[in-house]
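One structure is given below, encoded as C-alpha cells.
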Amino acid sequence: KTAGISGEPNPLGGKRSNPYPTPPMKKSPAMQRFIDTSKKLNLHPYMMPSANLSENYTNPDGISRAACQYCGYCERFGCEYGAKADPVVTVIPVANKTGKFEIRTHSHVRRVLYTGNKATGVMYTDVTTGEEIEQPADIVVLTSYVFNNVRLLRMSDIGTPYDPKTGKGVIGKNYAYQVTKGSAQGFFEKDQFNNFAGAGALGVNIDDYNGDNFDHSDLKFIHGGSLSLSQSGQRPIQNNPAPSGTPTWGPEFKANTIKYANRILSVGGQGSSMSFRQHFLDLDTTYKDAYGDPLLRITFDFEDQDRELAKYLASKCKEIVTEMGADHVDSLKELGPYDISTYQSTHNTGGVIMGNAPDTSAVNNYSQMWDMDNLFVVGASSFPQNSGYNPTGTVGALAYRAAEGIITYRSKGGLLV
C-alpha cells in the first residue's frame with residue numbers, strides 16, 4: 001500500500017504528486033561543454049545521481065516534499081524547501097508519529113555498557129548539566145560516524161584493538177580516506193559561466209577511469225577514480241580563483257580573482273583509497289577531551305599508490321579541460337604528504353570493518369558485532385576499503401540491511417548468518 005495524492009505511479013514507490021512530470025532541468029553551458037568534450041574523447045559522461053527532488057513527491061510513508069527550487073544555496077546548507085532526502089524531513093517525522101521515538105539533544109555518549117558479551121545500554125553525559133546518565137537497552141546501535149564508532153568501542157573495551165605491528169586485532173583496522181587531489185582548473189578569457197548558481201549534486205560524471213574500467217598494465221596503481229565537473233554553487237568568499245603565477249595579494253591578485261570568478265571550470269578526480277597495514281585508528285596517549293576521555297588518533301599518509309593515482313587522474317582532467325577550450329590550465333603535478341588543514345572530503349571509511357570471520361573483521365554483513373550480538377555498528381566504518389565513489393549510497397543500503405538484522409535479532413536472537 002502506498003501513500004500519496006492521486007497521480008501516476010512512481011517506480012521508486014509512492015505516487016507522484018503531479019501527473020504531469022516537470023521537464024528535466026536544462027544543463028548548464030559548462031556541463032554541456034563537458035559532455036560534448038568527453039564524448040569527443042570517446043568517454044562516457046552521465047548526469048550525477050542526486051537525492052534532490054526534480055518534482056513534488058509523496059513517499060510511501062506519506063511524507064510530501066517539494067521539488068528543488070534551484071536556489072543556488074544547496075551544497076553545504078539545509079534545504080528550506082525540504083527537497084533534499086534528509087532524515088529531518090523524511091525519517092524522523094514518521095518515527096515521531098509512532099509515539100515510540102525520542103531524541104535527547106545535548107547528550108554526549110561516552111561508553112557502551114555491557115555484562116559479559118551482552119550490551120546493557122549506554123552511559124552519556126548531559127552537556128547542559130554535566131550529569132552522567134545510564135540508559136538501559138536490549139539492543140544498542142552505534143551510528144556515530146567512522147571516528148566515534150571506533151572511539152566508543154575502544155573506550156568501552158569492546159572488540160580486539162588492531163595492532164599494526166602484528167596485524168592482529170580488528171578495532172581500528174583498515175582506515176581509508178579518499179584521493180581527491182587529481183584535478184585540473186581551466187581559466188577562460190572569453191567564456192563566462194554562472195558558477196554562483198548550482199545545486200548540491202548538480203554535475204556530470206565519467207567512470208572510464210574508475211575501478212577496472214581501463215587498462216592498468218603499464219600503471220603503478222590499482223583501482224582508479226571517477227572524474228566530474230560539478231556546479232554546486234560557488235560562494236563569493238570561498239570562490240577566489242586566479243591562474244598560477246598570480247601574486248597572492250595586491251592589485252593584480254584582486255583583478256584576477258574578480259575577472260576569473262565566473263571564468264573558471266574545474267574537472268576533479270575522486271580516487272579510491274586502499275587499506276594499508278600502517279593506516280589505522282586508535283586512542284591518543286596524550287590528548288583528552290573535556291571529560292578526560294582520550295581523543296581518537298589517526299595514523300595515515302598518502303602512499304605511492306595514492307600518488308600515482310592522483311597524477312594519472314590529474315593528467316586525464318587536464319586533457320579534458322584543455323579540449324574544452326581553456327586558455328590557461330593548472331593541474332596537479334605531484335601529490336605531497338597528507339595535509340589535514342585543507343578540506344578534501346569527509347568520506348572516511350574503515351575501523352570497524354565488515355567480514356565473514358571474527359579474527360579478520362569486527363561486524364558481520366548485518367553490521368552486528370561478532371563479539372557482542374546485541375550491538376550493531378552502522379556506517380562507513382564497516383568499509384574495508386574506499387572506492388572511487390562516495391560511500392553514501394552503500395552506507396544507506398547497509399543501514400537498511402542492519403535494520404533487517406535488528407528486526408530478525410529481536411525475534412530470534414544470536415548471531416545472524
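Labels for the C-alpha cells follow display order: chains A, B, ..., residues from 1 in each chain, ligands from 1.
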
For stretch 230-275 of chain A versus stretch 169-189 of chain A, which residues have an atom no more than 8 Å away, and what is each residue's nearest atom pair and distance in Å rounded to one decimal, using only C-alpha atoms, chain-then-number order, as a Markdown table?
```
| residue | atom | partner | partner_atom | distance |
| --- | --- | --- | --- | --- |
| A:Pro243 | CA | A:Phe187 | CA | 6.9 |
| A:Tyr260 | CA | A:Phe187 | CA | 6.9 |
| A:Arg263 | CA | A:Phe188 | CA | 5.2 |
| A:Ile264 | CA | A:Phe187 | CA | 4.6 |
| A:Leu265 | CA | A:Gly186 | CA | 5.3 |
| A:Ser266 | CA | A:Gln185 | CA | 4.3 |
| A:Val267 | CA | A:Ala184 | CA | 5.5 |
| A:Gly268 | CA | A:Ser183 | CA | 4.2 |
| A:Gly269 | CA | A:Gly182 | CA | 4.9 |
| A:Gln270 | CA | A:Thr180 | CA | 4.6 |
| A:Gly271 | CA | A:Val179 | CA | 4.6 |
| A:Ser272 | CA | A:Gln178 | CA | 5.7 |
| A:Ser273 | CA | A:Gln178 | CA | 5.0 |
| A:Met274 | CA | A:Ala176 | CA | 6.3 |
| A:Ser275 | CA | A:Asn174 | CA | 5.1 |
```

With stretch 143-159 of chain A as the partner and 10 Å as the cut-off, tabulate the residues of stretch 285-348 of chain A that qualify, each row holding the nearest pair of atoms and their distance in Å to one decimal, using only C-alpha atoms, sorted by chain and rising number, as a tab-separated table.
```
residue	atom	partner	partner_atom	distance
A:Asp293	CA	A:Met155	CA	7.9
A:Pro294	CA	A:Met155	CA	8.0
A:Leu295	CA	A:Arg151	CA	7.7
A:Leu296	CA	A:Arg151	CA	6.0
A:Arg297	CA	A:Phe147	CA	9.0
A:Ile298	CA	A:Phe147	CA	8.9
A:His347	CA	A:Val146	CA	9.2
A:Asn348	CA	A:Val146	CA	6.6
```

Selection file, N, CA and C atoms, as an mmCIF file, in the first residue's frame:
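Wrote it out as selection-v1.cif, contents follow:
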```cif
data_model
loop_
_atom_site.group_PDB
_atom_site.id
_atom_site.type_symbol
_atom_site.label_atom_id
_atom_site.label_comp_id
_atom_site.auth_asym_id
_atom_site.auth_seq_id
_atom_site.Cartn_x
_atom_site.Cartn_y
_atom_site.Cartn_z
ATOM 1 N N ASP A 293 38.403 11.884 28.558
ATOM 2 C CA ASP A 293 38.492 10.691 27.711
ATOM 3 C C ASP A 293 39.497 10.926 26.588
ATOM 4 N N PRO A 294 40.264 9.915 26.199
ATOM 5 C CA PRO A 294 41.259 10.090 25.145
ATOM 6 C C PRO A 294 40.607 10.411 23.793
ATOM 7 N N LEU A 295 41.263 11.280 23.052
ATOM 8 C CA LEU A 295 40.805 11.579 21.697
ATOM 9 C C LEU A 295 41.193 10.434 20.765
ATOM 10 N N LEU A 296 40.546 10.388 19.608
ATOM 11 C CA LEU A 296 40.906 9.395 18.613
ATOM 12 C C LEU A 296 42.154 9.857 17.876
ATOM 13 N N ARG A 297 43.030 8.919 17.565
ATOM 14 C CA ARG A 297 44.252 9.223 16.833
ATOM 15 C C ARG A 297 44.205 8.537 15.460
ATOM 16 N N ILE A 298 44.540 9.313 14.425
ATOM 17 C CA ILE A 298 44.551 8.803 13.058
ATOM 18 C C ILE A 298 46.001 8.661 12.604
ATOM 19 N N HIS A 347 34.761 11.751 3.524
ATOM 20 C CA HIS A 347 34.410 10.361 3.240
ATOM 21 C C HIS A 347 35.452 9.407 3.810
ATOM 22 N N ASN A 348 35.511 9.372 5.132
ATOM 23 C CA ASN A 348 36.395 8.458 5.833
ATOM 24 C C ASN A 348 35.731 7.091 5.970
#
```

- Shortest interatomic distance to A:Glu308 - which of A:Phe221, A:Tyr343, A:Tyr389, A:Trp370, counting only C-alpha atoms: A:Phe221

- Message: I need the residues of stretch 92-291 of chain A that end up classed as strand (DSSP E) by DSSP on the backbone, written out as a ChimeraX atom specification.
- Response: /A:107-115,118-126,132-136,140-142,173-176,183-187,203-206,225-230,264-271,280-288

- Task: Give the helix (DSSP H, G or I) residues of stretch 174-396 of chain A, as DSSP finds them on the backbone, and put them as a ChimeraX atom specification.
- Result: /A:251-259,304-323,380-382,392-396

Take the residues that were just selected and, keeping N, CA, C and O atoms, output them as a compact mmCIF listing (two decimals), in the first residue's frame.
```txt
# COMPACT_ATOMS: atom_id res chain seq x y z
N PRO A 251 47.03 44.40 -6.07
CA PRO A 251 46.11 44.78 -7.16
C PRO A 251 45.92 43.69 -8.22
O PRO A 251 44.80 43.46 -8.67
N GLU A 252 47.01 43.03 -8.62
CA GLU A 252 46.89 42.00 -9.66
C GLU A 252 46.08 40.81 -9.15
O GLU A 252 45.27 40.23 -9.88
N PHE A 253 46.31 40.44 -7.89
CA PHE A 253 45.52 39.36 -7.30
C PHE A 253 44.04 39.70 -7.28
O PHE A 253 43.19 38.91 -7.70
N LYS A 254 43.71 40.92 -6.84
CA LYS A 254 42.31 41.33 -6.79
C LYS A 254 41.68 41.35 -8.18
O LYS A 254 40.56 40.90 -8.39
N ALA A 255 42.41 41.89 -9.14
CA ALA A 255 41.89 41.99 -10.50
C ALA A 255 41.63 40.61 -11.10
O ALA A 255 40.59 40.38 -11.74
N ASN A 256 42.56 39.68 -10.89
CA ASN A 256 42.41 38.35 -11.47
C ASN A 256 41.30 37.55 -10.81
O ASN A 256 40.55 36.83 -11.47
N THR A 257 41.17 37.66 -9.48
CA THR A 257 40.12 36.89 -8.81
C THR A 257 38.74 37.40 -9.19
O THR A 257 37.78 36.63 -9.26
N ILE A 258 38.62 38.69 -9.46
CA ILE A 258 37.34 39.23 -9.94
C ILE A 258 37.10 38.79 -11.37
O ILE A 258 36.00 38.35 -11.73
N LYS A 259 38.11 38.89 -12.19
CA LYS A 259 37.98 38.54 -13.60
C LYS A 259 37.58 37.09 -13.80
O LYS A 259 36.70 36.78 -14.61
N ASP A 304 52.59 5.53 -2.26
CA ASP A 304 52.91 5.61 -3.69
C ASP A 304 51.69 5.28 -4.55
O ASP A 304 51.50 5.86 -5.62
N GLN A 305 50.86 4.35 -4.09
CA GLN A 305 49.61 4.02 -4.78
C GLN A 305 48.77 5.28 -4.98
O GLN A 305 48.26 5.55 -6.08
N ASP A 306 48.64 6.08 -3.93
CA ASP A 306 47.83 7.29 -4.00
C ASP A 306 48.47 8.35 -4.88
O ASP A 306 47.78 9.04 -5.65
N ARG A 307 49.79 8.48 -4.79
CA ARG A 307 50.48 9.50 -5.57
C ARG A 307 50.38 9.20 -7.07
O ARG A 307 50.15 10.10 -7.88
N GLU A 308 50.58 7.95 -7.44
CA GLU A 308 50.50 7.58 -8.85
C GLU A 308 49.07 7.74 -9.37
O GLU A 308 48.86 8.21 -10.50
N LEU A 309 48.09 7.36 -8.57
CA LEU A 309 46.69 7.50 -8.96
C LEU A 309 46.32 8.96 -9.14
O LEU A 309 45.67 9.34 -10.13
N ALA A 310 46.75 9.82 -8.21
CA ALA A 310 46.41 11.24 -8.28
C ALA A 310 47.00 11.88 -9.53
O ALA A 310 46.33 12.65 -10.23
N LYS A 311 48.27 11.57 -9.85
CA LYS A 311 48.90 12.13 -11.04
C LYS A 311 48.19 11.66 -12.32
O LYS A 311 48.01 12.44 -13.26
N TYR A 312 47.79 10.40 -12.33
CA TYR A 312 47.10 9.87 -13.50
C TYR A 312 45.76 10.55 -13.71
O TYR A 312 45.43 10.99 -14.83
N LEU A 313 44.97 10.67 -12.64
CA LEU A 313 43.67 11.32 -12.76
C LEU A 313 43.83 12.78 -13.16
O LEU A 313 43.04 13.31 -13.96
N ALA A 314 44.85 13.45 -12.60
CA ALA A 314 45.09 14.86 -12.94
C ALA A 314 45.42 15.01 -14.43
O ALA A 314 44.97 15.97 -15.08
N SER A 315 46.19 14.06 -14.99
CA SER A 315 46.53 14.15 -16.40
C SER A 315 45.30 14.00 -17.28
O SER A 315 45.17 14.67 -18.32
N LYS A 316 44.36 13.16 -16.87
CA LYS A 316 43.13 12.98 -17.63
C LYS A 316 42.23 14.21 -17.50
O LYS A 316 41.58 14.63 -18.46
N CYS A 317 42.19 14.79 -16.30
CA CYS A 317 41.41 16.02 -16.10
C CYS A 317 41.98 17.16 -16.95
O CYS A 317 41.23 17.93 -17.57
N LYS A 318 43.29 17.26 -16.99
CA LYS A 318 43.94 18.31 -17.78
C LYS A 318 43.63 18.14 -19.27
O LYS A 318 43.36 19.13 -19.98
N GLU A 319 43.63 16.91 -19.72
CA GLU A 319 43.31 16.64 -21.12
C GLU A 319 41.91 17.11 -21.47
O GLU A 319 41.68 17.74 -22.52
N ILE A 320 40.97 16.86 -20.58
CA ILE A 320 39.58 17.25 -20.84
C ILE A 320 39.43 18.76 -20.80
O ILE A 320 38.81 19.36 -21.69
N VAL A 321 39.99 19.41 -19.78
CA VAL A 321 39.86 20.87 -19.65
C VAL A 321 40.50 21.57 -20.84
O VAL A 321 39.97 22.56 -21.36
N THR A 322 41.65 21.08 -21.28
CA THR A 322 42.31 21.67 -22.44
C THR A 322 41.45 21.55 -23.68
O THR A 322 41.28 22.51 -24.45
N GLU A 323 40.85 20.39 -23.85
CA GLU A 323 39.98 20.16 -25.02
C GLU A 323 38.71 21.00 -24.93
O GLU A 323 38.09 21.34 -25.94
N ALA A 380 30.05 3.95 7.44
CA ALA A 380 31.19 3.64 6.57
C ALA A 380 32.37 3.07 7.35
O ALA A 380 33.36 2.66 6.74
N SER A 381 32.27 2.99 8.67
CA SER A 381 33.30 2.32 9.46
C SER A 381 33.40 0.84 9.09
O SER A 381 34.42 0.21 9.34
N SER A 382 32.37 0.29 8.45
CA SER A 382 32.39 -1.12 8.08
C SER A 382 33.10 -1.38 6.75
O SER A 382 33.32 -2.52 6.38
N THR A 392 28.24 7.15 0.40
CA THR A 392 26.90 7.43 0.92
C THR A 392 25.86 6.39 0.52
O THR A 392 25.09 5.90 1.35
N GLY A 393 25.79 6.07 -0.76
CA GLY A 393 24.76 5.13 -1.22
C GLY A 393 24.89 3.77 -0.57
O GLY A 393 23.90 3.16 -0.15
N THR A 394 26.12 3.28 -0.46
CA THR A 394 26.35 1.98 0.17
C THR A 394 26.06 2.03 1.66
O THR A 394 25.52 1.07 2.23
N VAL A 395 26.40 3.14 2.30
CA VAL A 395 26.08 3.30 3.72
C VAL A 395 24.57 3.22 3.93
O VAL A 395 24.08 2.57 4.86
N GLY A 396 23.80 3.85 3.03
CA GLY A 396 22.35 3.77 3.13
C GLY A 396 21.85 2.35 2.97
O GLY A 396 20.97 1.89 3.72
```
